[in-house]
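Chemist: Take a look at data_38.cif, mmCIF, C-alpha atoms:
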data_query
loop_
_atom_site.label_atom_id
_atom_site.label_comp_id
_atom_site.auth_asym_id
_atom_site.auth_seq_id
_atom_site.Cartn_x
_atom_site.Cartn_y
_atom_site.Cartn_z
CA MET A 1 -14.89 -4.35 31.90
CA GLU A 2 -16.56 -1.92 29.53
CA THR A 3 -16.59 -2.77 25.86
CA ASN A 4 -13.85 -1.26 23.75
CA HIS A 5 -15.35 0.65 20.84
CA LYS A 6 -12.06 1.73 19.31
CA PHE A 7 -11.73 -1.49 17.31
CA HIS A 8 -13.86 -2.53 14.37
CA GLN A 9 -15.64 -5.74 15.40
CA GLU A 10 -15.19 -8.41 12.73
CA THR A 11 -18.64 -9.94 12.69
CA GLY A 12 -20.72 -11.18 9.76
CA PHE A 13 -19.82 -10.77 6.12
CA PRO A 14 -16.74 -8.57 5.41
CA TRP A 15 -18.73 -5.80 3.67
CA LYS A 16 -16.16 -3.17 4.55
CA HIS A 17 -13.51 -5.03 2.55
CA ILE A 18 -15.85 -5.66 -0.37
CA TRP A 19 -16.74 -1.93 -0.56
CA GLY A 20 -13.06 -1.06 -0.27
CA LEU A 21 -12.22 -3.33 -3.22
CA ILE A 22 -15.11 -1.95 -5.32
CA ALA A 23 -14.11 1.64 -4.49
CA SER A 24 -10.47 1.03 -5.46
CA LEU A 25 -11.45 -0.71 -8.72
CA VAL A 26 -13.91 2.07 -9.66
CA LEU A 27 -11.36 4.81 -8.90
CA THR A 28 -8.74 2.94 -10.99
CA ALA A 29 -11.18 2.47 -13.87
CA ILE A 30 -12.10 6.19 -13.92
CA ALA A 31 -8.42 7.22 -13.90
CA PHE A 32 -7.63 4.68 -16.63
CA TRP A 33 -10.54 5.85 -18.82
CA LEU A 34 -9.71 9.55 -18.33
CA ALA A 35 -6.05 9.08 -19.24
CA LEU A 36 -6.29 6.62 -22.12
CA ALA A 37 -9.76 6.90 -23.66
CA THR A 38 -10.55 10.63 -23.58
CA HIS A 39 -8.76 13.53 -25.21
CA GLN A 40 -8.97 16.17 -22.49
CA PRO A 41 -6.09 18.63 -21.88
CA PRO A 42 -3.19 16.83 -20.09
CA ALA A 43 -3.13 19.32 -17.17
CA LEU A 44 -6.81 18.59 -16.43
CA VAL A 45 -6.38 14.81 -16.74
CA ILE A 46 -3.31 14.76 -14.47
CA THR A 47 -5.00 16.94 -11.81
CA VAL A 48 -8.07 14.71 -11.72
CA ILE A 49 -6.18 11.38 -11.66
CA VAL A 50 -3.89 12.60 -8.84
CA ILE A 51 -7.02 13.52 -6.82
CA LEU A 52 -8.40 10.02 -7.58
CA GLY A 53 -5.05 8.61 -6.35
CA VAL A 54 -5.47 10.46 -3.05
CA GLY A 55 -8.94 8.88 -2.84
CA GLN A 56 -7.30 5.46 -3.31
CA LEU A 57 -4.86 6.20 -0.48
CA LEU A 58 -7.78 7.09 1.82
CA VAL A 59 -9.60 3.87 0.80
CA GLN A 60 -6.52 1.82 1.77
CA LEU A 61 -6.07 3.68 5.06
CA TYR A 62 -9.68 3.66 6.23
CA MET A 63 -11.13 0.50 4.65
CA PHE A 64 -8.16 -1.90 4.89
CA MET A 65 -5.42 -0.64 7.21
CA HIS A 66 -7.43 -0.23 10.46
CA PHE A 67 -6.05 3.32 10.42
CA THR A 68 -8.04 4.77 13.32
CA GLU A 69 -7.67 1.77 15.64
CA SER A 70 -5.48 1.72 18.73
CA ASP A 71 -5.77 0.64 22.35
CA ASP A 72 -4.50 4.09 23.35
CA LYS A 73 -4.78 7.34 21.38
CA ALA A 74 -4.44 6.64 17.64
CA TRP A 75 -1.11 8.45 17.28
CA GLN A 76 -0.65 7.06 13.78
CA VAL A 77 -3.37 9.37 12.41
CA PRO A 78 -1.47 12.69 12.95
CA ALA A 79 1.83 10.91 12.11
CA ILE A 80 0.58 9.70 8.71
CA TYR A 81 -1.15 13.00 7.87
CA PHE A 82 2.08 14.82 8.71
CA ALA A 83 4.00 12.40 6.43
CA ILE A 84 1.45 13.03 3.63
CA PHE A 85 1.90 16.80 4.13
CA ILE A 86 5.72 16.46 3.89
CA ALA A 87 5.39 14.20 0.83
CA PHE A 88 3.19 16.68 -1.05
CA THR A 89 5.42 19.58 -0.02
CA VAL A 90 8.49 17.77 -1.39
CA VAL A 91 6.81 16.84 -4.70
CA ALA A 92 4.89 20.09 -5.32
CA GLY A 93 7.84 22.20 -4.12
CA SER A 94 10.21 20.38 -6.49
CA ILE A 95 7.89 20.87 -9.45
CA TRP A 96 7.42 24.55 -8.57
CA ILE A 97 11.09 25.37 -8.05
CA MET A 98 12.28 23.43 -11.11
CA SER A 99 9.73 25.17 -13.37
CA PHE A 100 10.63 28.59 -11.90
CA LYS A 101 13.44 29.17 -14.40
CA ALA A 102 11.00 28.74 -17.27
CA LEU A 103 8.69 31.30 -15.67
CA VAL A 104 11.31 34.04 -15.22
CA ALA A 105 13.35 33.43 -18.41
CA MET B 106 -8.40 -16.90 20.87
CA SER B 107 -9.16 -17.85 24.48
CA ASP B 108 -6.27 -20.38 24.42
CA ALA B 109 -3.92 -17.61 23.44
CA HIS B 110 -5.17 -15.45 26.32
CA THR B 111 -4.60 -18.25 28.81
CA ALA B 112 -1.11 -18.95 27.48
CA VAL B 113 -0.02 -15.34 27.77
CA HIS B 114 -1.84 -14.14 30.85
CA GLY B 115 -1.81 -17.35 32.87
CA GLY B 116 -5.59 -17.47 32.89
CA HIS B 117 -6.01 -15.14 35.86
CA HIS B 118 -5.61 -11.76 34.20
CA PRO B 119 -8.84 -10.58 32.55
CA VAL B 120 -8.46 -9.53 28.93
CA ASP B 121 -11.00 -7.31 27.21
CA PRO B 122 -12.42 -9.66 24.55
CA SER B 123 -13.22 -6.72 22.26
CA VAL B 124 -9.50 -5.86 21.93
CA PRO B 125 -8.04 -7.81 18.96
CA VAL B 126 -5.41 -10.42 19.80
CA GLU B 127 -2.55 -8.50 18.10
CA TYR B 128 -3.01 -5.68 20.66
CA HIS B 129 -2.71 -7.94 23.70
CA HIS B 130 0.51 -6.88 25.49
CA GLU B 131 1.66 -3.30 25.67
CA GLU B 132 4.76 -4.20 23.63
CA ASN B 133 2.59 -5.33 20.70
CA SER B 134 0.72 -2.00 20.69
CA LEU B 135 4.02 -0.13 20.78
CA ARG B 136 5.43 -2.14 17.89
CA ILE B 137 2.31 -1.49 15.78
CA ALA B 138 2.49 2.24 16.60
CA GLY B 139 6.21 2.23 15.75
CA PHE B 140 5.54 0.56 12.43
CA TRP B 141 3.08 3.33 11.54
CA VAL B 142 5.88 5.84 12.15
CA PHE B 143 8.13 3.79 9.81
CA LEU B 144 5.38 3.87 7.14
CA GLY B 145 5.31 7.66 7.49
CA SER B 146 9.08 7.88 6.90
CA ASP B 147 8.85 5.40 4.01
CA LEU B 148 6.16 7.60 2.46
CA VAL B 149 8.54 10.57 2.65
CA LEU B 150 11.32 8.45 1.06
CA PHE B 151 9.03 7.61 -1.86
CA SER B 152 7.99 11.27 -2.17
CA CYS B 153 11.66 12.20 -2.79
CA LEU B 154 11.87 9.58 -5.56
CA PHE B 155 8.56 10.86 -7.02
CA ALA B 156 9.86 14.45 -6.95
CA THR B 157 13.04 13.35 -8.76
CA TYR B 158 11.03 11.42 -11.34
CA VAL B 159 8.63 14.29 -12.06
CA VAL B 160 11.52 16.73 -12.52
CA MET B 161 13.48 14.29 -14.74
CA HIS B 162 10.49 13.11 -16.81
CA GLY B 163 11.29 15.20 -19.88
CA ARG B 164 15.08 14.60 -19.79
CA THR B 165 15.15 11.72 -22.26
CA ALA B 166 18.60 12.52 -23.78
CA GLY B 167 17.67 11.04 -27.17
CA GLY B 168 16.41 7.81 -25.54
CA PRO B 169 12.80 6.60 -25.51
CA THR B 170 10.09 8.85 -24.01
CA SER B 171 7.59 7.56 -21.45
CA ASN B 172 4.87 7.41 -24.11
CA GLN B 173 7.01 5.17 -26.35
CA LEU B 174 8.21 2.98 -23.49
CA PHE B 175 5.19 2.12 -21.33
CA ASP B 176 3.11 -0.94 -22.15
CA VAL B 177 -0.56 -0.44 -21.17
CA THR B 178 -1.40 -4.17 -20.83
CA GLY B 179 1.56 -4.81 -18.51
CA PHE B 180 0.97 -2.00 -16.04
CA THR B 181 -2.80 -2.62 -16.04
CA ILE B 182 -2.30 -6.27 -15.02
CA GLU B 183 0.22 -5.20 -12.35
CA THR B 184 -2.31 -2.69 -10.95
CA ILE B 185 -5.21 -5.17 -10.87
CA ALA B 186 -3.02 -7.86 -9.24
CA LEU B 187 -1.90 -5.47 -6.50
CA LEU B 188 -5.43 -4.08 -5.88
CA PHE B 189 -6.80 -7.62 -5.43
CA SER B 190 -3.83 -8.64 -3.26
CA SER B 191 -4.58 -5.70 -0.94
CA PHE B 192 -8.18 -6.97 -0.69
CA THR B 193 -7.14 -10.58 0.06
CA CYS B 194 -4.59 -9.33 2.60
CA GLY B 195 -7.39 -7.38 4.33
CA LEU B 196 -9.48 -10.58 4.44
CA ALA B 197 -6.53 -12.36 6.12
CA THR B 198 -6.62 -9.79 8.97
CA TYR B 199 -10.43 -10.15 9.08
CA GLU B 200 -10.14 -13.95 9.52
CA MET B 201 -7.31 -13.50 12.04
CA ARG B 202 -9.61 -11.44 14.26
CA ARG B 203 -12.25 -14.15 13.99
CA GLY B 204 -9.66 -16.74 15.03
CA ASN B 205 -9.78 -18.76 11.77
CA ARG B 206 -6.12 -19.68 11.31
CA ASN B 207 -6.60 -21.83 8.18
CA ALA B 208 -8.71 -19.26 6.32
CA MET B 209 -6.19 -16.59 7.31
CA VAL B 210 -3.24 -18.64 5.97
CA MET B 211 -5.17 -19.30 2.74
CA TRP B 212 -5.80 -15.55 2.15
CA LEU B 213 -2.15 -14.77 2.93
CA LEU B 214 -0.99 -17.41 0.41
CA ILE B 215 -3.33 -15.90 -2.24
CA THR B 216 -1.86 -12.47 -1.40
CA ILE B 217 1.68 -13.83 -1.88
CA ALA B 218 0.65 -15.43 -5.20
CA LEU B 219 -0.80 -12.13 -6.47
CA GLY B 220 2.38 -10.38 -5.31
CA LEU B 221 4.42 -12.85 -7.37
CA VAL B 222 2.20 -12.18 -10.43
CA PHE B 223 2.87 -8.46 -9.97
CA LEU B 224 6.64 -9.03 -9.62
CA GLY B 225 6.71 -11.36 -12.63
CA PHE B 226 5.14 -8.72 -14.90
CA GLU B 227 7.38 -5.98 -13.50
CA ILE B 228 10.58 -8.00 -14.03
CA THR B 229 9.45 -8.92 -17.56
CA GLU B 230 8.82 -5.22 -18.27
CA PHE B 231 12.26 -4.22 -16.94
CA VAL B 232 14.03 -6.95 -18.95
CA GLN B 233 12.20 -5.94 -22.15
CA ASP B 234 13.00 -2.26 -21.56
CA ALA B 235 16.68 -2.99 -20.95
CA SER B 236 17.01 -5.30 -23.96
CA SER B 237 15.42 -2.67 -26.22
CA GLY B 238 18.07 -0.14 -25.11
CA ALA B 239 16.09 1.66 -22.38
CA ARG B 240 18.62 1.19 -19.56
CA MET B 241 19.10 2.99 -16.30
CA GLN B 242 22.16 4.83 -17.70
CA THR B 243 20.40 5.84 -20.95
CA SER B 244 18.83 9.09 -19.70
CA GLY B 245 17.88 11.04 -16.60
CA PHE B 246 14.27 10.02 -17.18
CA LEU B 247 15.15 6.31 -17.15
CA SER B 248 17.46 6.65 -14.11
CA ALA B 249 14.60 8.20 -12.14
CA PHE B 250 12.06 5.71 -13.54
CA PHE B 251 14.04 2.57 -12.64
CA THR B 252 14.96 3.99 -9.20
CA LEU B 253 11.35 4.84 -8.28
CA VAL B 254 9.63 1.74 -9.71
CA GLY B 255 12.54 -0.52 -8.70
CA THR B 256 12.44 0.70 -5.08
CA HIS B 257 8.75 -0.17 -4.96
CA GLY B 258 9.53 -3.58 -6.53
CA CYS B 259 12.18 -4.19 -3.83
CA HIS B 260 9.59 -3.37 -1.17
CA VAL B 261 7.16 -5.87 -2.73
CA SER B 262 9.90 -8.56 -2.89
CA MET B 263 10.73 -7.93 0.78
CA GLY B 264 7.01 -8.09 1.62
CA ILE B 265 6.66 -11.48 -0.11
CA LEU B 266 9.64 -12.96 1.81
CA TRP B 267 8.41 -11.42 5.07
CA MET B 268 4.81 -12.60 4.61
CA SER B 269 6.04 -16.12 3.76
CA GLY B 270 7.95 -16.18 7.06
CA VAL B 271 4.85 -15.07 8.95
CA VAL B 272 2.80 -17.83 7.22
CA VAL B 273 5.34 -20.46 8.38
CA GLN B 274 5.07 -19.16 11.96
CA LEU B 275 1.26 -19.14 11.80
CA ILE B 276 1.22 -22.77 10.62
CA ARG B 277 3.65 -23.86 13.37
CA ARG B 278 2.38 -21.76 16.31
CA GLY B 279 -1.20 -20.79 15.44
CA ILE B 280 -2.69 -17.35 16.13
CA THR B 281 -0.96 -16.07 19.27
CA PRO B 282 -0.58 -12.39 20.30
CA ILE B 283 2.94 -12.47 18.82
CA THR B 284 2.16 -14.11 15.46
CA ALA B 285 -1.01 -11.99 15.20
CA ARG B 286 1.02 -8.81 15.75
CA LYS B 287 3.54 -9.91 13.08
CA ALA B 288 0.74 -10.70 10.63
CA PHE B 289 -1.03 -7.39 11.35
CA ILE B 290 2.16 -5.39 10.74
CA VAL B 291 3.01 -7.19 7.48
CA SER B 292 -0.57 -6.61 6.33
CA ILE B 293 -0.48 -2.84 6.88
CA TYR B 294 2.92 -2.83 5.08
CA TRP B 295 1.27 -4.61 2.14
CA HIS B 296 -1.68 -2.16 1.96
CA PHE B 297 0.83 0.70 2.11
CA LEU B 298 2.71 -0.75 -0.90
CA ASP B 299 -0.58 -0.90 -2.80
CA ALA B 300 -1.17 2.79 -2.00
CA VAL B 301 2.34 3.67 -3.23
CA TRP B 302 1.74 1.66 -6.42
CA ILE B 303 -1.47 3.62 -7.09
CA PHE B 304 0.66 6.78 -7.20
CA ILE B 305 3.22 5.08 -9.48
CA PHE B 306 0.32 3.97 -11.71
CA THR B 307 -1.05 7.54 -11.71
CA VAL B 308 2.07 9.73 -11.78
CA VAL B 309 4.39 7.47 -13.80
CA TYR B 310 2.33 5.25 -16.12
CA LEU B 311 -0.94 7.11 -16.82
CA THR B 312 0.74 10.55 -16.83
CA GLY B 313 3.51 9.09 -19.01
CA LYS B 314 0.88 8.09 -21.57
CA VAL B 315 -0.91 11.49 -21.44
CA LEU B 316 2.12 13.77 -21.77
#
Using structure tokens, write down the structure that the file contains.
Modeler:
Amino acid sequence: METNHKFHQETGFPWKHIWGLIASLVLTAIAFWLALATHQPPALVITVIVILGVGQLLVQLYMFMHFTESDDKAWQVPAIYFAIFIAFTVVAGSIWIMSFKALVA
Amino acid sequence: MSDAHTAVHGGHHPVDPSVPVEYHHEENSLRIAGFWVFLGSDLVLFSCLFATYVVMHGRTAGGPTSNQLFDVTGFTIETIALLFSSFTCGLATYEMRRGNRNAMVMWLLITIALGLVFLGFEITEFVQDASSGARMQTSGFLSAFFTLVGTHGCHVSMGILWMSGVVVQLIRRGITPITARKAFIVSIYWHFLDAVWIFIFTVVYLTGKVL
């Protein structure tokens, strides 16, 4: 039987998990410092920390959640990206439509 | 791992040793795939609560604002506890795939303990908020806040109960394709909750301190 390359082989020291932890701590620390220790404009701070949050989501998915693994096609990848698309549409659309009155008034 | 193969396949059906034990059996693969679809729908559920929160953030109705309410020490400890619990939960899956049941159970118990630390700080925060007059019925902002953060807290509570049940089964039955599948699914649920918390930390707590 040919070797299955779709699964991450758990051999040796768990470096992938260590790097995942370090990445998530560094991203958290940057967001924390930007929001609480600097005095940049709020719109800039919020944009950057939301982007850092998306980075955290990708760290969880790819470093910890075995996101791309499956014994068949990895159907969860398009499913989760579609869910992320819907989630951002709902949040960004709500912000846009609820601030619309302020724009036209 | 080889014992588990023999038990399930009767010892005469070859199993690809590079496929992790939780994927042995087509039903296990289907359940894992189905759980990913659930995580997608749960993500959309949280996005609706986030959208409500963002829209209601400024509607304080004379009650406390987010900047007055949020305690930096509390939410920082909650974040660190959850980030480390996601790491230890990942190590549990790592040990599961190496067939080390005891190490796996130990990492799962550490994950549960960190989850309890997180819940303890969150409940303390909620009780302090409510006793200082910041209740769910005080303002639109607080209704949305308690609904969003409380829904995540309910998920974490469910995850702790669920993971404890899986630990009991692992101790009694060892790592079999069925217990491995259950442990794998509860672990991706736990990582997902950490990802949702990161957005609560960003959109609710940090943004609440900036605005």
Chemist: Apply the PyMOL selection byres ((chain A) within 7 of (chain B)) to the structure shown and report the selected residues as a list in words.
Modeler: Met1, Thr3, Asn4, Phe7, Glu10, His17, Leu21, Ala35, Pro42, Ile46, Ile49, Val50, Gly53, Gln56, Leu57, Gln60, Phe64, Met65, Gln76, Ala79, Ile80, Ala83, Ile86, Ala87, Val90, Val91, Ser94, Ile95 and Met98 of chain A
Chemist: Output C-alpha atoms for every residue in the selection just made, as a compact mmCIF listing (two decimals), in the frame of the given file.
Modeler:
# COMPACT_ATOMS: atom_id res chain seq x y z
CA MET A 1 -14.89 -4.35 31.90
CA THR A 3 -16.59 -2.77 25.86
CA ASN A 4 -13.85 -1.26 23.75
CA PHE A 7 -11.73 -1.49 17.31
CA GLU A 10 -15.19 -8.41 12.73
CA HIS A 17 -13.51 -5.03 2.55
CA LEU A 21 -12.22 -3.33 -3.22
CA ALA A 35 -6.05 9.08 -19.24
CA PRO A 42 -3.19 16.83 -20.09
CA ILE A 46 -3.31 14.76 -14.47
CA ILE A 49 -6.18 11.38 -11.66
CA VAL A 50 -3.89 12.60 -8.84
CA GLY A 53 -5.05 8.61 -6.35
CA GLN A 56 -7.30 5.46 -3.31
CA LEU A 57 -4.86 6.20 -0.48
CA GLN A 60 -6.52 1.82 1.77
CA PHE A 64 -8.16 -1.90 4.89
CA MET A 65 -5.42 -0.64 7.21
CA GLN A 76 -0.65 7.06 13.78
CA ALA A 79 1.83 10.91 12.11
CA ILE A 80 0.58 9.70 8.71
CA ALA A 83 4.00 12.40 6.43
CA ILE A 86 5.72 16.46 3.89
CA ALA A 87 5.39 14.20 0.83
CA VAL A 90 8.49 17.77 -1.39
CA VAL A 91 6.81 16.84 -4.70
CA SER A 94 10.21 20.38 -6.49
CA ILE A 95 7.89 20.87 -9.45
CA MET A 98 12.28 23.43 -11.11
Chemist: Which centre and edge lengths in Å to one decimal define the box along x, y and z that fits every listed atom of segment 124-136 of chain B plus 3 Å per side, as AutoDock Vina command-line options?
Modeler:
--center_x -2.0 --center_y -5.3 --center_z 21.8 --size_x 20.9 --size_y 16.3 --size_z 13.8
Chemist: Between atom CA of Gly225 of chain B and atom CA of Gly20 of chain A, what is the spacing in Å?
Modeler: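 So the answer is 25.5 Å.
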Chemist: Separation of atom CA of Arg164 of chain B and atom CA of Val104 of chain A, in Å?
Modeler: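 For atom CA of Arg164 of chain B relative to atom CA of Val104 of chain A, the distance reads 20.3 Å.
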Chemist: Please indicate the distance in Å from atom CA of Phe231 of chain B to atom CA of Ile215 of chain B, rounded to one decimal place.
Modeler: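 Atom CA of Ile215 of chain B lies 24.4 Å from atom CA of Phe231 of chain B.
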Chemist: Using all atoms listed in the file, which residues sit within 7 Å of segment 257-268 of chain B once same-chain residues fewer than 6 positions away are excluded, as a compact mmCIF listing (two decimals) with C-alpha atoms, keeping the file's coordinate frame?
Modeler:
# COMPACT_ATOMS: atom_id res chain seq x y z
CA ILE B 217 1.68 -13.83 -1.88
CA GLY B 220 2.38 -10.38 -5.31
CA LEU B 224 6.64 -9.03 -9.62
CA VAL B 291 3.01 -7.19 7.48
CA TRP B 295 1.27 -4.61 2.14
Chemist: Running the PyMOL selection byres ((chain A and resi 31) around 8) on this model by hand, what would come out? Give it as number ranges by chain.
Modeler: A: 27-30, 32-35, 48-49, 52; B: 307
Chemist: Taking the structure I provided as the source, export segment 156-253 of chain B with C-alpha atoms, as a PDB file, in the first residue's frame.
Modeler:
ATOM      1  CA  ALA B 156     -22.597  42.014  14.131  1.00  0.00           C
ATOM      2  CA  THR B 157     -25.216  42.758  16.821  1.00  0.00           C
ATOM      3  CA  TYR B 158     -22.519  43.695  19.324  1.00  0.00           C
ATOM      4  CA  VAL B 159     -20.682  46.022  16.937  1.00  0.00           C
ATOM      5  CA  VAL B 160     -23.925  47.812  16.025  1.00  0.00           C
ATOM      6  CA  MET B 161     -25.026  48.108  19.684  1.00  0.00           C
ATOM      7  CA  HIS B 162     -21.602  49.099  21.077  1.00  0.00           C
ATOM      8  CA  GLY B 163     -22.399  52.797  21.438  1.00  0.00           C
ATOM      9  CA  ARG B 164     -25.962  52.317  22.778  1.00  0.00           C
ATOM     10  CA  THR B 165     -25.107  52.570  26.471  1.00  0.00           C
ATOM     11  CA  ALA B 166     -28.408  54.212  27.572  1.00  0.00           C
ATOM     12  CA  GLY B 167     -26.748  56.051  30.473  1.00  0.00           C
ATOM     13  CA  GLY B 168     -25.084  52.836  31.712  1.00  0.00           C
ATOM     14  CA  PRO B 169     -21.341  52.144  31.755  1.00  0.00           C
ATOM     15  CA  THR B 170     -19.373  52.322  28.478  1.00  0.00           C
ATOM     16  CA  SER B 171     -17.036  49.535  27.374  1.00  0.00           C
ATOM     17  CA  ASN B 172     -14.009  51.619  28.370  1.00  0.00           C
ATOM     18  CA  GLN B 173     -15.321  52.049  31.938  1.00  0.00           C
ATOM     19  CA  LEU B 174     -16.433  48.424  32.259  1.00  0.00           C
ATOM     20  CA  PHE B 175     -13.613  46.223  30.926  1.00  0.00           C
ATOM     21  CA  ASP B 176     -10.860  45.077  33.277  1.00  0.00           C
ATOM     22  CA  VAL B 177      -7.534  44.642  31.419  1.00  0.00           C
ATOM     23  CA  THR B 178      -6.010  42.150  33.903  1.00  0.00           C
ATOM     24  CA  GLY B 179      -9.064  39.869  33.769  1.00  0.00           C
ATOM     25  CA  PHE B 180      -9.393  39.580  30.010  1.00  0.00           C
ATOM     26  CA  THR B 181      -5.613  39.260  29.569  1.00  0.00           C
ATOM     27  CA  ILE B 182      -5.487  36.257  31.929  1.00  0.00           C
ATOM     28  CA  GLU B 183      -8.512  34.721  30.155  1.00  0.00           C
ATOM     29  CA  THR B 184      -6.759  35.134  26.776  1.00  0.00           C
ATOM     30  CA  ILE B 185      -3.450  33.638  27.940  1.00  0.00           C
ATOM     31  CA  ALA B 186      -5.247  30.684  29.614  1.00  0.00           C
ATOM     32  CA  LEU B 187      -7.186  29.906  26.437  1.00  0.00           C
ATOM     33  CA  LEU B 188      -4.139  30.284  24.136  1.00  0.00           C
ATOM     34  CA  PHE B 189      -2.143  27.830  26.272  1.00  0.00           C
ATOM     35  CA  SER B 190      -5.106  25.438  26.524  1.00  0.00           C
ATOM     36  CA  SER B 191      -5.290  25.350  22.714  1.00  0.00           C
ATOM     37  CA  PHE B 192      -1.578  24.439  22.672  1.00  0.00           C
ATOM     38  CA  THR B 193      -1.947  21.661  25.289  1.00  0.00           C
ATOM     39  CA  CYS B 194      -5.018  20.342  23.458  1.00  0.00           C
ATOM     40  CA  GLY B 195      -2.933  20.164  20.260  1.00  0.00           C
ATOM     41  CA  LEU B 196      -0.276  18.193  22.158  1.00  0.00           C
ATOM     42  CA  ALA B 197      -2.996  15.737  23.278  1.00  0.00           C
ATOM     43  CA  THR B 198      -3.817  14.998  19.607  1.00  0.00           C
ATOM     44  CA  TYR B 199      -0.067  14.741  18.894  1.00  0.00           C
ATOM     45  CA  GLU B 200       0.368  12.115  21.648  1.00  0.00           C
ATOM     46  CA  MET B 201      -2.805  10.327  20.522  1.00  0.00           C
ATOM     47  CA  ARG B 202      -1.292   9.812  17.070  1.00  0.00           C
ATOM     48  CA  ARG B 203       1.858   8.445  18.686  1.00  0.00           C
ATOM     49  CA  GLY B 204      -0.274   6.026  20.713  1.00  0.00           C
ATOM     50  CA  ASN B 205       0.695   7.427  24.151  1.00  0.00           C
ATOM     51  CA  ARG B 206      -2.595   7.190  26.030  1.00  0.00           C
ATOM     52  CA  ASN B 207      -1.274   8.422  29.406  1.00  0.00           C
ATOM     53  CA  ALA B 208       0.499  11.478  27.982  1.00  0.00           C
ATOM     54  CA  MET B 209      -2.621  12.246  25.950  1.00  0.00           C
ATOM     55  CA  VAL B 210      -4.880  12.054  29.041  1.00  0.00           C
ATOM     56  CA  MET B 211      -2.445  14.273  30.968  1.00  0.00           C
ATOM     57  CA  TRP B 212      -2.517  16.997  28.247  1.00  0.00           C
ATOM     58  CA  LEU B 213      -6.322  16.783  28.080  1.00  0.00           C
ATOM     59  CA  LEU B 214      -6.566  17.213  31.881  1.00  0.00           C
ATOM     60  CA  ILE B 215      -4.250  20.270  31.681  1.00  0.00           C
ATOM     61  CA  THR B 216      -6.485  21.635  28.892  1.00  0.00           C
ATOM     62  CA  ILE B 217      -9.578  21.154  31.092  1.00  0.00           C
ATOM     63  CA  ALA B 218      -7.810  22.860  34.018  1.00  0.00           C
ATOM     64  CA  LEU B 219      -6.901  25.881  31.845  1.00  0.00           C
ATOM     65  CA  GLY B 220     -10.495  25.954  30.586  1.00  0.00           C
ATOM     66  CA  LEU B 221     -11.698  26.093  34.200  1.00  0.00           C
ATOM     67  CA  VAL B 222      -9.268  28.973  34.928  1.00  0.00           C
ATOM     68  CA  PHE B 223     -10.743  30.820  31.939  1.00  0.00           C
ATOM     69  CA  LEU B 224     -14.326  30.151  33.095  1.00  0.00           C
ATOM     70  CA  GLY B 225     -13.511  31.166  36.677  1.00  0.00           C
ATOM     71  CA  PHE B 226     -12.224  34.585  35.567  1.00  0.00           C
ATOM     72  CA  GLU B 227     -15.139  35.070  33.176  1.00  0.00           C
ATOM     73  CA  ILE B 228     -17.763  34.242  35.831  1.00  0.00           C
ATOM     74  CA  THR B 229     -15.996  36.538  38.329  1.00  0.00           C
ATOM     75  CA  GLU B 230     -16.048  39.323  35.722  1.00  0.00           C
ATOM     76  CA  PHE B 231     -19.764  38.810  35.011  1.00  0.00           C
ATOM     77  CA  VAL B 232     -20.659  38.764  38.731  1.00  0.00           C
ATOM     78  CA  GLN B 233     -18.661  41.955  39.366  1.00  0.00           C
ATOM     79  CA  ASP B 234     -20.267  43.672  36.367  1.00  0.00           C
ATOM     80  CA  ALA B 235     -23.763  42.694  37.476  1.00  0.00           C
ATOM     81  CA  SER B 236     -23.209  43.715  41.104  1.00  0.00           C
ATOM     82  CA  SER B 237     -21.896  47.129  39.992  1.00  0.00           C
ATOM     83  CA  GLY B 238     -25.130  47.709  38.035  1.00  0.00           C
ATOM     84  CA  ALA B 239     -23.949  46.636  34.562  1.00  0.00           C
ATOM     85  CA  ARG B 240     -26.682  44.055  33.905  1.00  0.00           C
ATOM     86  CA  MET B 241     -27.959  42.510  30.722  1.00  0.00           C
ATOM     87  CA  GLN B 242     -31.110  44.692  30.855  1.00  0.00           C
ATOM     88  CA  THR B 243     -29.174  47.928  31.540  1.00  0.00           C
ATOM     89  CA  SER B 244     -28.483  48.889  27.912  1.00  0.00           C
ATOM     90  CA  GLY B 245     -28.375  47.590  24.359  1.00  0.00           C
ATOM     91  CA  PHE B 246     -24.589  47.494  24.603  1.00  0.00           C
ATOM     92  CA  LEU B 247     -24.691  45.243  27.680  1.00  0.00           C
ATOM     93  CA  SER B 248     -27.411  42.969  26.210  1.00  0.00           C
ATOM     94  CA  ALA B 249     -25.218  42.361  23.161  1.00  0.00           C
ATOM     95  CA  PHE B 250     -22.060  42.032  25.288  1.00  0.00           C
ATOM     96  CA  PHE B 251     -23.460  39.403  27.675  1.00  0.00           C
ATOM     97  CA  THR B 252     -25.105  37.484  24.798  1.00  0.00           C
ATOM     98  CA  LEU B 253     -21.897  37.308  22.722  1.00  0.00           C
TER      99      LEU B 253
END
